[in-house]
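Engineer: Contents of model.txt (compact mmCIF, C-alpha atoms):
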# COMPACT_ATOMS: atom_id res chain seq x y z
CA MET H 1 0.00 0.00 0.00
CA LEU H 2 2.66 2.47 1.03
CA HIS H 3 4.85 1.71 -1.98
CA ALA H 4 1.85 2.11 -4.28
CA SER H 5 0.92 5.39 -2.64
CA LEU H 6 4.41 6.82 -2.86
CA GLN H 7 4.61 5.87 -6.53
CA GLY H 8 1.25 7.47 -7.27
CA LYS H 9 -0.48 4.16 -8.05
CA VAL H 10 -3.33 4.67 -5.58
CA SER H 11 -5.50 7.67 -4.88
CA VAL H 12 -4.14 8.45 -1.41
CA ASN H 13 -1.33 10.20 -3.26
CA VAL H 14 -3.55 12.52 -5.29
CA GLY H 15 -3.34 15.78 -3.38
CA VAL H 16 -0.03 17.54 -3.04
CA ASP H 17 0.72 20.95 -1.62
CA LYS H 18 2.87 23.54 -3.30
CA ILE H 19 6.13 21.87 -2.41
CA GLY H 20 4.97 18.44 -3.44
CA HIS H 21 4.04 17.02 -0.04
CA SER H 22 1.01 14.79 -0.03
CA THR H 23 -1.93 16.47 1.62
CA LYS H 24 -3.77 13.13 1.69
CA PHE H 25 -1.32 11.86 4.28
CA ASN H 26 -3.48 12.67 7.29
CA GLU H 27 -2.73 11.63 10.86
CA ASP H 28 -4.23 8.18 10.27
CA THR H 29 -1.95 7.54 7.31
CA LEU H 30 1.01 8.81 9.31
CA THR H 31 0.07 6.64 12.30
CA SER H 32 -0.18 3.62 10.06
CA THR H 33 3.14 4.43 8.38
CA VAL H 34 5.08 4.81 11.61
CA PHE H 35 3.46 2.45 14.09
CA GLY H 36 2.34 -0.07 11.48
CA LEU H 37 5.85 -0.52 10.13
CA MET H 38 7.24 -0.48 13.68
CA SER H 39 5.03 -3.43 14.58
CA TYR H 40 7.06 -5.67 12.23
CA LEU H 41 10.18 -5.15 14.33
CA SER H 42 11.38 -7.14 17.29
CA GLY H 43 10.35 -5.68 20.64
CA ALA H 44 13.90 -4.54 21.37
CA GLU H 45 14.23 -2.76 18.01
CA ALA H 46 10.80 -1.16 18.32
CA TRP H 47 11.72 0.09 21.79
CA GLN H 48 15.05 1.39 20.52
CA PHE H 49 13.24 3.29 17.77
CA LEU H 50 10.74 4.81 20.21
CA SER H 51 13.57 5.76 22.56
CA HIS H 52 15.29 7.63 19.71
CA ALA H 53 12.06 9.49 18.91
CA ILE H 54 10.73 10.21 22.41
CA SER H 55 12.51 11.64 25.45
CA GLY H 56 11.91 10.10 28.84
CA LEU H 57 11.56 6.39 28.10
CA PRO H 58 13.35 3.92 30.39
CA ALA H 59 16.16 1.92 28.79
CA PHE H 60 15.64 -1.75 27.94
CA ARG H 61 17.76 -4.06 25.84
CA VAL H 62 15.33 -6.96 25.56
CA GLY H 63 11.58 -7.21 25.31
CA ARG H 64 8.50 -7.89 23.24
CA LEU H 65 5.78 -5.87 21.58
CA THR H 66 2.91 -8.13 22.57
CA HIS H 67 -0.06 -6.16 21.29
CA ILE H 68 -0.79 -3.32 18.91
CA GLU H 69 -4.24 -2.09 18.02
CA PHE H 70 -5.11 0.80 15.75
CA TRP H 71 -8.02 3.09 16.52
CA PRO H 72 -9.49 1.02 19.35
CA ALA H 73 -13.02 2.17 20.23
CA TRP H 74 -13.34 2.74 23.94
CA ALA H 75 -16.64 3.77 25.55
CA PRO H 76 -16.11 5.83 28.68
CA THR H 77 -18.78 5.73 31.34
CA GLY H 78 -19.67 8.71 33.50
CA SER H 79 -18.93 11.06 30.64
CA ASN H 80 -20.98 12.72 27.94
CA VAL H 81 -18.61 11.20 25.37
CA LEU H 82 -20.10 8.02 23.88
CA ARG H 83 -16.96 6.72 22.28
CA THR H 84 -13.31 7.70 22.14
CA GLU H 85 -10.76 6.41 19.72
CA PRO H 86 -7.04 6.90 20.33
CA ASP H 87 -4.93 6.35 17.23
CA ALA H 88 -3.10 3.36 18.64
CA TYR H 89 -2.77 1.26 21.75
CA LEU H 90 0.47 -0.67 22.29
CA ARG H 91 1.57 -3.11 24.96
CA PHE H 92 5.23 -3.93 25.52
CA LYS H 93 6.74 -6.46 27.91
CA MET H 94 10.27 -5.24 28.41
CA GLY H 95 13.29 -6.31 30.40
CA ASP H 96 14.10 -9.34 32.48
CA PRO H 97 12.08 -9.79 34.62
CA GLU H 98 9.40 -8.42 32.32
CA VAL H 99 7.75 -5.06 32.95
CA CYS H 100 4.39 -4.50 31.29
CA ILE H 101 4.23 -1.09 29.61
CA ASP H 102 1.22 0.36 27.80
CA PHE H 103 1.13 3.24 25.34
CA ILE H 104 -1.95 5.19 24.37
CA VAL H 105 -1.10 7.13 21.24
CA GLU H 106 -2.90 10.22 19.98
CA THR H 107 -1.56 11.77 16.80
CA LYS H 108 -2.32 14.92 14.85
CA ARG H 109 -1.30 15.95 11.35
CA GLY H 110 0.43 19.15 12.48
CA PRO H 111 -0.08 22.41 14.38
CA ASN H 112 -3.17 23.22 12.31
CA SER H 113 -5.00 20.29 13.89
CA PRO H 114 -4.19 20.86 17.55
CA GLN H 115 -4.09 18.36 20.38
CA SER H 116 -6.88 18.58 22.94
CA VAL H 117 -6.09 18.07 26.63
CA ASN H 118 -9.75 17.27 27.15
CA GLN H 119 -9.41 14.43 24.66
CA TRP H 120 -6.31 13.18 26.52
CA CYS H 121 -8.26 13.06 29.79
CA VAL H 122 -11.21 11.22 28.21
CA GLN H 123 -8.94 8.65 26.56
CA ILE H 124 -6.93 8.06 29.74
CA GLU H 125 -10.11 7.61 31.76
CA SER H 126 -11.45 5.23 29.09
CA TYR H 127 -8.19 3.29 29.16
CA TYR H 128 -8.53 2.73 32.90
CA GLN H 129 -12.16 1.70 32.51
CA THR H 130 -11.45 -0.64 29.59
CA ILE H 131 -7.94 -2.07 29.92
CA ASP H 132 -6.96 -1.52 33.48
CA LYS H 133 -10.16 -2.69 35.16
CA GLU H 134 -9.02 -6.31 35.35
CA GLN H 135 -6.13 -7.04 37.65
CA SER H 136 -4.67 -9.52 35.17
CA LEU H 137 -4.48 -6.85 32.46
CA LYS H 138 -2.93 -4.10 34.57
CA ALA H 139 0.25 -2.59 33.19
CA ASP H 140 3.19 -1.66 35.38
CA GLU H 141 3.66 1.63 33.56
CA VAL H 142 1.38 3.63 31.28
CA PHE H 143 2.50 6.30 28.82
CA TYR H 144 0.21 8.62 26.93
CA LEU H 145 2.03 9.64 23.77
CA ALA H 146 0.83 12.78 22.00
CA VAL H 147 2.38 13.27 18.57
CA SER H 148 2.31 16.67 16.85
CA GLY H 149 -0.49 19.25 16.98
CA PHE H 150 1.16 21.53 19.55
CA ALA H 151 0.07 24.85 18.14
CA LYS H 152 0.75 26.58 21.46
CA GLY H 153 3.96 24.70 22.24
CA GLN H 154 4.29 21.38 24.03
CA LYS H 155 4.77 22.91 27.49
CA LYS H 156 1.37 24.63 27.42
CA TYR H 157 -0.41 21.32 26.81
CA LEU H 158 1.61 19.51 29.48
CA ASP H 159 0.90 22.29 32.00
CA ASP H 160 -2.81 22.14 31.20
CA TYR H 161 -2.83 18.40 31.63
CA SER H 162 -1.02 18.51 34.97
CA LYS H 163 -3.76 20.86 36.26
CA ARG H 164 -6.61 18.67 35.01
CA LYS H 165 -5.34 15.12 35.42
CA ASP H 166 -6.97 12.54 37.63
CA GLN H 167 -4.43 12.10 40.42
CA SER H 168 -5.39 8.44 40.84
CA HIS H 169 -4.03 7.61 37.38
CA SER H 170 -0.27 7.26 37.18
CA VAL H 171 0.06 8.07 33.49
CA GLN H 172 3.10 9.85 32.17
CA VAL H 173 2.35 12.06 29.17
CA LEU H 174 5.07 12.16 26.52
CA THR H 175 5.17 14.47 23.53
CA SER H 176 6.92 14.34 20.20
CA GLU H 177 6.73 15.59 16.65
CA TRP H 178 6.63 13.62 13.40
CA THR H 179 10.08 14.97 12.60
CA ASP H 180 11.33 13.27 15.80
CA PHE H 181 10.15 10.00 14.25
CA SER H 182 11.81 10.94 10.95
CA ASN H 183 15.08 11.57 12.75
CA ALA H 184 14.76 8.33 14.71
CA ALA H 185 13.97 6.38 11.54
CA ARG H 186 16.98 7.88 9.79
CA ARG H 187 19.21 6.95 12.70
CA MET H 188 17.85 3.40 12.80
CA ARG H 189 18.21 3.03 9.02
CA ASP H 190 21.83 4.09 9.23
CA GLU H 191 22.58 1.83 12.21
CA LYS H 192 20.79 -1.30 10.98
CA SER H 193 21.13 -3.44 7.88
CA ASP H 194 19.11 -5.59 5.52
CA GLN H 195 15.38 -5.83 6.16
CA THR H 196 15.44 -3.53 9.20
CA ALA H 197 17.24 -0.80 7.27
CA ARG H 198 14.77 -1.25 4.38
CA LEU H 199 11.82 -0.94 6.75
CA PHE H 200 13.13 2.32 8.18
CA GLY H 201 13.94 3.55 4.68
CA MET H 202 10.29 2.97 3.79
CA MET H 203 9.15 4.77 6.93
CA LEU H 204 11.44 7.71 6.10
CA ASN H 205 10.02 7.93 2.58
CA GLY H 206 6.48 7.87 3.91
CA LEU H 207 7.16 10.60 6.45
CA ALA H 208 9.07 12.70 3.91
CA HIS H 209 6.20 12.34 1.44
CA ALA H 210 3.93 13.88 4.05
CA GLY H 211 6.40 16.72 4.57
CA PHE H 212 8.19 15.42 7.66
CA VAL H 213 11.73 15.28 6.41
CA SER H 214 14.60 14.18 8.59
CA ARG H 215 17.24 16.85 8.43
CA LEU H 216 20.51 17.33 10.24
CA PHE H 217 21.73 20.74 11.30
CA PHE H 218 25.08 22.07 12.38
CA LYS H 219 24.11 22.02 16.03
CA SER H 220 24.58 18.25 15.90
CA LEU H 221 27.87 18.33 14.00
CA PRO H 222 30.43 16.51 16.12
CA SER H 223 33.55 18.47 16.92
CA PRO H 224 36.54 17.39 14.82
CA GLN H 225 38.16 15.97 17.94
CA ASN H 226 35.10 13.82 18.64
CA CYS H 227 35.31 12.47 15.09
CA GLY H 228 38.84 11.37 15.92
CA PHE H 229 40.14 13.94 13.48
CA THR H 230 43.29 15.67 14.57
CA SER H 231 44.21 18.84 12.78
CA VAL H 232 47.35 18.04 10.88
CA HIS H 233 48.63 20.25 8.13
CA LEU H 234 48.56 18.68 4.70
CA SER H 235 52.27 19.18 4.18
CA GLU H 236 52.99 17.17 7.32
CA LEU H 237 50.84 14.32 6.02
CA ILE H 238 52.60 14.45 2.66
CA ARG H 239 55.97 14.46 4.39
CA LYS H 240 54.96 11.38 6.38
CA ALA H 241 53.60 9.73 3.26
CA GLU H 242 56.90 10.32 1.47
CA LEU H 243 59.07 8.88 4.22
CA MET M 1 46.70 8.42 16.21
CA THR M 2 49.51 5.94 16.70
CA SER M 3 52.46 5.66 14.35
CA ASP M 4 53.46 2.29 13.00
CA PRO M 5 56.98 2.40 11.52
CA LYS M 6 56.13 -0.56 9.28
CA LEU M 7 53.22 1.35 7.74
CA PRO M 8 54.57 4.85 7.06
CA MET M 9 51.41 5.97 5.23
CA ALA M 10 49.00 4.66 7.84
CA ASP M 11 48.76 7.96 9.73
CA ALA M 12 48.12 9.90 6.55
CA ILE M 13 45.42 7.51 5.39
CA THR M 14 43.79 7.45 8.80
CA ALA M 15 43.77 11.24 8.92
CA MET M 16 42.37 11.41 5.39
CA GLN M 17 39.64 8.90 6.27
CA GLN M 18 38.73 10.82 9.42
CA ALA M 19 38.70 14.07 7.48
CA TYR M 20 36.46 12.46 4.87
CA ILE M 21 34.00 11.35 7.54
CA TYR M 22 33.99 14.86 8.95
CA LEU M 23 33.43 16.37 5.50
CA HIS M 24 30.58 13.93 4.95
CA ASP M 25 28.92 15.00 8.22
CA PHE M 26 29.42 18.65 7.29
CA HIS M 27 28.14 18.15 3.74
CA ILE M 28 24.95 16.41 4.91
CA ARG M 29 24.15 19.25 7.31
CA LEU M 30 24.83 21.94 4.75
CA SER M 31 22.64 20.16 2.17
CA ASP M 32 19.83 19.76 4.69
CA THR M 33 20.16 23.40 5.74
CA VAL M 34 19.85 24.61 2.15
CA MET M 35 16.78 22.44 1.58
CA GLU M 36 15.21 23.70 4.80
CA ILE M 37 15.74 27.31 3.72
CA ILE M 38 14.33 26.70 0.25
CA GLU M 39 11.31 24.91 1.71
CA ILE M 40 10.58 27.83 4.05
CA ILE M 41 11.04 30.42 1.30
CA GLY M 42 8.62 28.40 -0.85
CA LYS M 43 6.03 28.23 1.91
CA GLN M 44 6.43 31.85 2.92
CA SER M 45 6.24 33.18 -0.64
CA ASP M 46 3.56 30.71 -1.75
CA LEU M 47 5.66 30.07 -4.84
CA ASP M 48 6.69 26.70 -6.21
CA LEU M 49 10.48 26.50 -6.05
CA HIS M 50 12.20 23.85 -8.11
CA PHE M 51 15.85 22.94 -8.15
CA SER M 52 17.42 24.13 -11.34
CA LYS M 53 21.20 23.93 -11.21
CA ALA M 54 24.21 23.68 -8.91
CA GLU M 55 27.77 24.58 -9.76
CA THR M 56 31.08 25.33 -8.18
CA VAL M 57 31.89 28.99 -7.96
CA SER M 58 35.57 29.25 -8.70
CA THR M 59 36.67 25.84 -9.90
CA ASP M 60 35.52 23.28 -12.39
CA HIS M 61 33.20 20.48 -11.53
CA PRO M 62 34.99 17.20 -12.20
CA SER M 63 34.07 15.32 -15.30
CA PHE M 64 34.43 11.59 -15.91
CA ARG M 65 36.17 12.48 -19.17
CA GLN M 66 38.87 14.46 -17.38
CA ASN M 67 42.17 12.82 -16.68
CA PRO M 68 42.27 12.84 -12.87
CA PHE M 69 46.07 12.48 -12.87
CA ASP M 70 46.64 15.70 -14.74
CA ARG M 71 47.20 18.42 -12.19
CA ASN M 72 45.69 20.97 -14.52
CA ASN M 73 42.48 18.98 -14.58
CA ARG M 74 42.44 17.81 -10.99
CA TRP M 75 39.33 17.80 -8.90
CA VAL M 76 39.70 20.57 -6.39
CA TRP M 77 37.80 20.30 -3.21
CA ASP M 78 34.96 22.78 -3.31
CA TRP M 79 32.16 20.46 -4.48
CA PHE M 80 32.39 18.28 -1.46
CA PRO M 81 31.51 19.50 1.14
CA LEU M 82 29.81 22.30 -0.85
CA TYR M 83 32.77 24.45 0.08
CA ALA M 84 32.01 27.09 -2.52
CA VAL M 85 29.00 25.89 -4.45
CA ARG M 86 26.03 27.88 -5.60
CA SER M 87 22.62 26.38 -6.24
CA PHE M 88 19.66 27.81 -8.11
CA PHE M 89 15.98 27.25 -7.47
CA GLU M 90 13.46 28.64 -9.93
CA ALA M 91 9.91 29.68 -9.11
CA LYS M 92 7.56 27.75 -11.39
CA GLY M 93 3.92 28.02 -12.03
CA PRO M 94 1.59 30.91 -11.76
CA SER M 95 4.07 33.61 -11.01
CA ASN M 96 4.43 35.71 -13.25
CA THR M 97 5.17 39.12 -14.05
CA GLY M 98 8.65 37.79 -14.57
CA THR M 99 11.12 35.13 -13.51
CA LEU M 100 12.17 34.65 -9.88
CA ILE M 101 15.26 32.65 -9.04
CA ILE M 102 16.69 31.93 -5.61
CA GLU M 103 20.43 31.44 -5.50
CA VAL M 104 22.01 29.93 -2.40
CA LEU M 105 25.75 30.12 -2.00
CA PHE M 106 27.81 28.81 0.87
CA ASP M 107 30.80 31.06 0.83
CA ALA M 108 33.63 29.52 2.81
CA ASP M 109 36.56 30.24 0.52
CA SER M 110 37.09 33.84 1.52
CA LYS M 111 40.52 34.12 -0.06
CA TRP M 112 41.85 30.87 -1.40
CA GLU M 113 41.08 30.38 -5.07
CA GLY M 114 42.09 26.75 -5.31
CA LYS M 115 43.55 27.25 -8.73
CA ASP M 116 47.23 26.87 -8.17
CA ASP M 117 49.23 23.82 -7.36
CA THR M 118 49.91 24.58 -3.73
CA SER M 119 48.23 23.19 -0.68
CA PRO M 120 45.60 25.48 0.78
CA SER M 121 46.73 27.32 3.86
CA LEU M 122 44.51 27.97 6.84
CA ALA M 123 46.03 31.45 6.90
CA ASP M 124 44.03 32.15 3.75
CA CYS M 125 40.77 30.97 5.27
CA ASP M 126 39.02 33.00 7.93
CA PRO M 127 35.75 31.43 9.06
CA LYS M 128 34.56 34.83 10.28
CA HIS M 129 34.00 35.79 6.65
CA SER M 130 31.98 32.69 5.83
CA SER M 131 28.22 32.76 5.52
CA LEU M 132 25.35 31.28 3.62
CA ASP M 133 24.23 33.87 1.10
CA VAL M 134 20.74 33.90 -0.35
CA TYR M 135 20.04 35.93 -3.48
CA PHE M 136 16.59 36.70 -4.81
CA LEU M 137 16.99 37.38 -8.52
CA PHE M 138 14.07 38.79 -10.44
CA HIS M 139 13.86 39.37 -14.16
CA PRO M 140 10.80 41.13 -15.56
CA GLU M 141 10.52 38.77 -18.54
CA LYS M 142 8.98 35.34 -18.38
CA ASN M 143 10.83 32.21 -19.43
CA GLN M 144 13.89 34.06 -20.55
CA ASP M 145 17.23 32.35 -20.61
CA TRP M 146 18.13 33.68 -17.18
CA ARG M 147 21.11 31.41 -16.61
CA LYS M 148 23.17 32.91 -19.38
CA SER M 149 22.15 36.45 -18.46
CA TRP M 150 22.91 35.95 -14.79
CA ASP M 151 26.29 34.40 -15.53
CA GLU M 152 27.17 37.63 -17.31
CA THR M 153 26.00 39.75 -14.37
CA ASP M 154 28.02 40.89 -11.38
CA TYR M 155 26.80 40.23 -7.86
CA PRO M 156 25.39 43.32 -6.14
CA ASP M 157 27.67 45.18 -3.75
CA ASP M 158 25.29 45.85 -0.87
CA ALA M 159 23.32 43.39 1.22
CA GLU M 160 19.59 43.73 1.87
CA THR M 161 19.19 46.46 -0.73
CA VAL M 162 17.62 46.01 -4.13
CA SER M 163 20.18 46.43 -6.85
CA LYS M 164 19.33 46.86 -10.49
CA CYS M 165 21.94 44.87 -12.30
CA GLU M 166 22.81 44.89 -15.95
CA ASN M 167 20.77 42.51 -18.15
CA GLY M 168 17.54 43.66 -16.54
CA PHE M 169 17.90 41.80 -13.24
CA LYS M 170 16.76 43.15 -9.92
CA CYS M 171 18.58 41.43 -7.10
CA ILE M 172 18.62 41.46 -3.33
CA GLN M 173 21.08 39.53 -1.21
CA PHE M 174 20.87 38.36 2.40
CA ASP M 175 23.42 36.69 4.68
CA ILE M 176 22.60 33.87 7.02
CA ASP M 177 25.44 34.10 9.48
CA LEU M 178 27.30 31.31 11.23
CA VAL M 179 25.49 31.81 14.54
CA THR M 180 22.12 31.43 12.82
CA LEU M 181 23.25 28.40 10.84
CA ILE M 182 23.74 26.35 14.01
CA ASN M 183 20.10 26.13 14.95
CA ARG M 184 17.03 24.99 13.02
CA ASP M 185 14.67 27.50 14.68
CA LEU M 186 17.01 30.40 14.00
CA ILE M 187 17.35 29.30 10.39
CA ALA M 188 13.58 29.13 10.01
CA ASN M 189 13.07 32.58 11.52
CA ARG M 190 15.76 34.11 9.33
CA ALA M 191 14.44 32.41 6.18
CA ARG M 192 10.94 33.74 6.85
CA GLU M 193 12.31 37.22 7.57
CA ILE M 194 14.39 37.47 4.42
CA THR M 195 11.57 36.13 2.25
CA MET M 196 9.16 38.78 3.47
CA LYS M 197 11.76 41.51 2.96
CA ALA M 198 12.68 40.26 -0.50
CA LEU M 199 9.11 39.95 -1.75
CA LYS M 200 8.26 43.37 -0.44
CA GLN M 201 11.32 45.10 -1.81
CA LEU M 202 11.19 43.33 -5.16
CA ASN M 203 7.42 43.90 -5.29
CA ILE M 204 6.68 40.28 -6.19
CA GLU M 205 3.24 38.82 -5.80
CA LYS M 206 1.89 35.49 -6.84
CA ILE M 207 -0.74 35.80 -9.55
CA GLU M 208 -3.56 33.31 -9.08
Just give me the structure as structure tokens.
Structural biologist:
Amino acid sequence: MLHASLQGKVSVNVGVDKIGHSTKFNEDTLTSTVFGLMSYLSGAEAWQFLSHAISGLPAFRVGRLTHIEFWPAWAPTGSNVLRTEPDAYLRFKMGDPEVCIDFIVETKRGPNSPQSVNQWCVQIESYYQTIDKEQSLKADEVFYLAVSGFAKGQKKYLDDYSKRKDQSHSVQVLTSEWTDFSNAARRMRDEKSDQTARLFGMMLNGLAHAGFVSRLFFKSLPSPQNCGFTSVHLSELIRKAEL
Amino acid sequence: MTSDPKLPMADAITAMQQAYIYLHDFHIRLSDTVMEIIEIIGKQSDLDLHFSKAETVSTDHPSFRQNPFDRNNRWVWDWFPLYAVRSFFEAKGPSNTGTLIIEVLFDADSKWEGKDDTSPSLADCDPKHSSLDVYFLFHPEKNQDWRKSWDETDYPDDAETVSKCENGFKCIQFDIDLVTLINRDLIANRAREITMKALKQLNIEKIE
């Protein structure tokens, strides 16, 4: 599907903006591109990828992605919302001994479709009513991941949430941008080989097609010393070479 | 670096390899920075900018037909890592009262010409004088052969002021300094700022 879309074989590719980015790549397409492709990885690689893209995740070297569900329909009770639908729900079992970690993921296309703290609260409440109600299903840690849509800056949304959150729920809210996933995918593509590198190459193409291009800037340029490069004048090198 | 007397060239090759890795890292960042700037100018101006051409400023681009062992034909080092390379992006589509071209030039070769047979000296290179220069070139005619005309035109003397050059060009030039180039947000702010100034001063509007 993604290959066909990128090559213009299917209609999802029809609309492009003035710099050629597909306007049909909405948040659902982006969610599918990133988290769908990620689901084909081993748990350790998927966790490594998320850790590159998101600040604040604990480090694990081994683990499993045991469940991934796109657009689960949760029906909160005690609310005037009949149904809420996060973009993805993920369950990892990481480490040895295993720690059960859940992610509720809410994505937006960009700052023009802003995140809603009210929606976060409804989805978190629904999660506790749906997933966490049975002791056997309880996770050890729960992360709510909000991707993009921070028109007022990430801090404003996090501050709003900390004022409104239900203190009985121990959810940690994490934020990131699609470009963080582009940068993480680029890093993984460069570090890995074969099928894993191809998968991240595909993810990078999909994100770039939607306008989320991984770019490197001079702030991240290693100092010459950190590259192992010692400043030696060319004539000295030539002299050594001629010895 | 450790010296091995049995491998007298090892240090030189190691240094060259490390330098190459560093140049690669530099080149990638400069390429990405140029693309970021062009993307922002395109968004801010609501004009479709398409890559047109890139060329070295003061030396020849290597050709596969050139004998690489002839010192007169040698590949000098400005293409990689875009040491002194200028790139052109042309506004396509429903412009037009004329032709708009964006030229981006990373100017890091403040003195050294790279033409002679001597090694470059750091004494001839002062990073203080380096910057990324962005030129907005506007010609009042549509679809004219702007490349040839611009090649025959001198760069304007003053920054941030519209110059009327020979061959009918109006041109305005902006620097993006080394402090700004470090940071993506600063680059974005500067690119938006110079685009607004350029469009206003060149009196360019998109015609729907």
Engineer: Which residue is closest to chain H? Choose from M:Phe169, M:Tyr135, M:Asp185, M:Lys197 and count all atoms listed in the file.
Structural biologist: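 Selected residue with least distance to chain H: M:Asp185.
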Engineer: What residues in chain M have any atom no more than 9 Å from chain H when counting all atoms listed in the file, and can you write them as number ranges by chain?
Structural biologist: M: 1, 8-19, 21-22, 25-26, 28-33, 35-36, 39, 42-43, 46-50, 119-122, 181-184
Engineer: Which residues are close to segment 112-118 of chain H, i.e. within 8 Å by only C-alpha atoms, leaving aside same-chain residues fewer than 3 positions away? Reply as an MDAnalysis selection string.
Structural biologist: chainID H and resid 107:109 121:122 146 148:151 157 160:161
Engineer: Go ahead and save the residues from that selection, with C-alpha atoms, as a PDB file, in the coordinates of the input.
Structural biologist:
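Below you can see out-v8.pdb, which holds the result:
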ATOM      1  CA  THR H 107      -1.560  11.770  16.800  1.00  0.00           C
ATOM      2  CA  LYS H 108      -2.320  14.920  14.850  1.00  0.00           C
ATOM      3  CA  ARG H 109      -1.300  15.950  11.350  1.00  0.00           C
ATOM      4  CA  CYS H 121      -8.260  13.060  29.790  1.00  0.00           C
ATOM      5  CA  VAL H 122     -11.210  11.220  28.210  1.00  0.00           C
ATOM      6  CA  ALA H 146       0.830  12.780  22.000  1.00  0.00           C
ATOM      7  CA  SER H 148       2.310  16.670  16.850  1.00  0.00           C
ATOM      8  CA  GLY H 149      -0.490  19.250  16.980  1.00  0.00           C
ATOM      9  CA  PHE H 150       1.160  21.530  19.550  1.00  0.00           C
ATOM     10  CA  ALA H 151       0.070  24.850  18.140  1.00  0.00           C
ATOM     11  CA  TYR H 157      -0.410  21.320  26.810  1.00  0.00           C
ATOM     12  CA  ASP H 160      -2.810  22.140  31.200  1.00  0.00           C
ATOM     13  CA  TYR H 161      -2.830  18.400  31.630  1.00  0.00           C
TER      14      TYR H 161
END
Engineer: Pick from M:Lys92, M:Lys53, M:Arg190, M:Lys170: nearest to Asn203 of chain M, with all atoms listed in the file counted?
Structural biologist: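 Closest candidate: M:Lys170.
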Engineer: With all atoms listed in the file as the atoms that count, which of H:Thr179, H:Ile131, H:Val173, H:Thr33 lies nearest to Ala75 of chain H?
Structural biologist: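 Of H:Thr179, H:Ile131, H:Val173, H:Thr33, the one nearest Ala75 of chain H, counting all atoms listed in the file, is H:Ile131.
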Engineer: Report, in Å to a single decimal, how far apart atom CA of Tyr40 of chain H and atom CA of Lys138 of chain H are.
Structural biologist: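 Separating atom CA of Lys138 of chain H from atom CA of Tyr40 of chain H is a distance of 24.5 Å.
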Engineer: Atom CA of Gln135 of chain H and atom CA of Gln172 of chain H are how many Å apart?
Structural biologist: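 Rounded to one decimal, the two atoms are 20.0 Å apart.
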Engineer: So that I can check the surroundings of Glu177 of chain H, please list as number ranges by chain every protein, DNA and RNA residue that reaches within 8 Å of it, counting all atoms listed in the file and ignoring chain neighbours fewer than 3 positions away.
Structural biologist: H: 147-148, 180-181
Engineer: Please measure the separation of atom CA of Ile40 of chain M and atom CA of Ala191 of chain M, giving the value in Å to one decimal.
Structural biologist: 6.4 Å
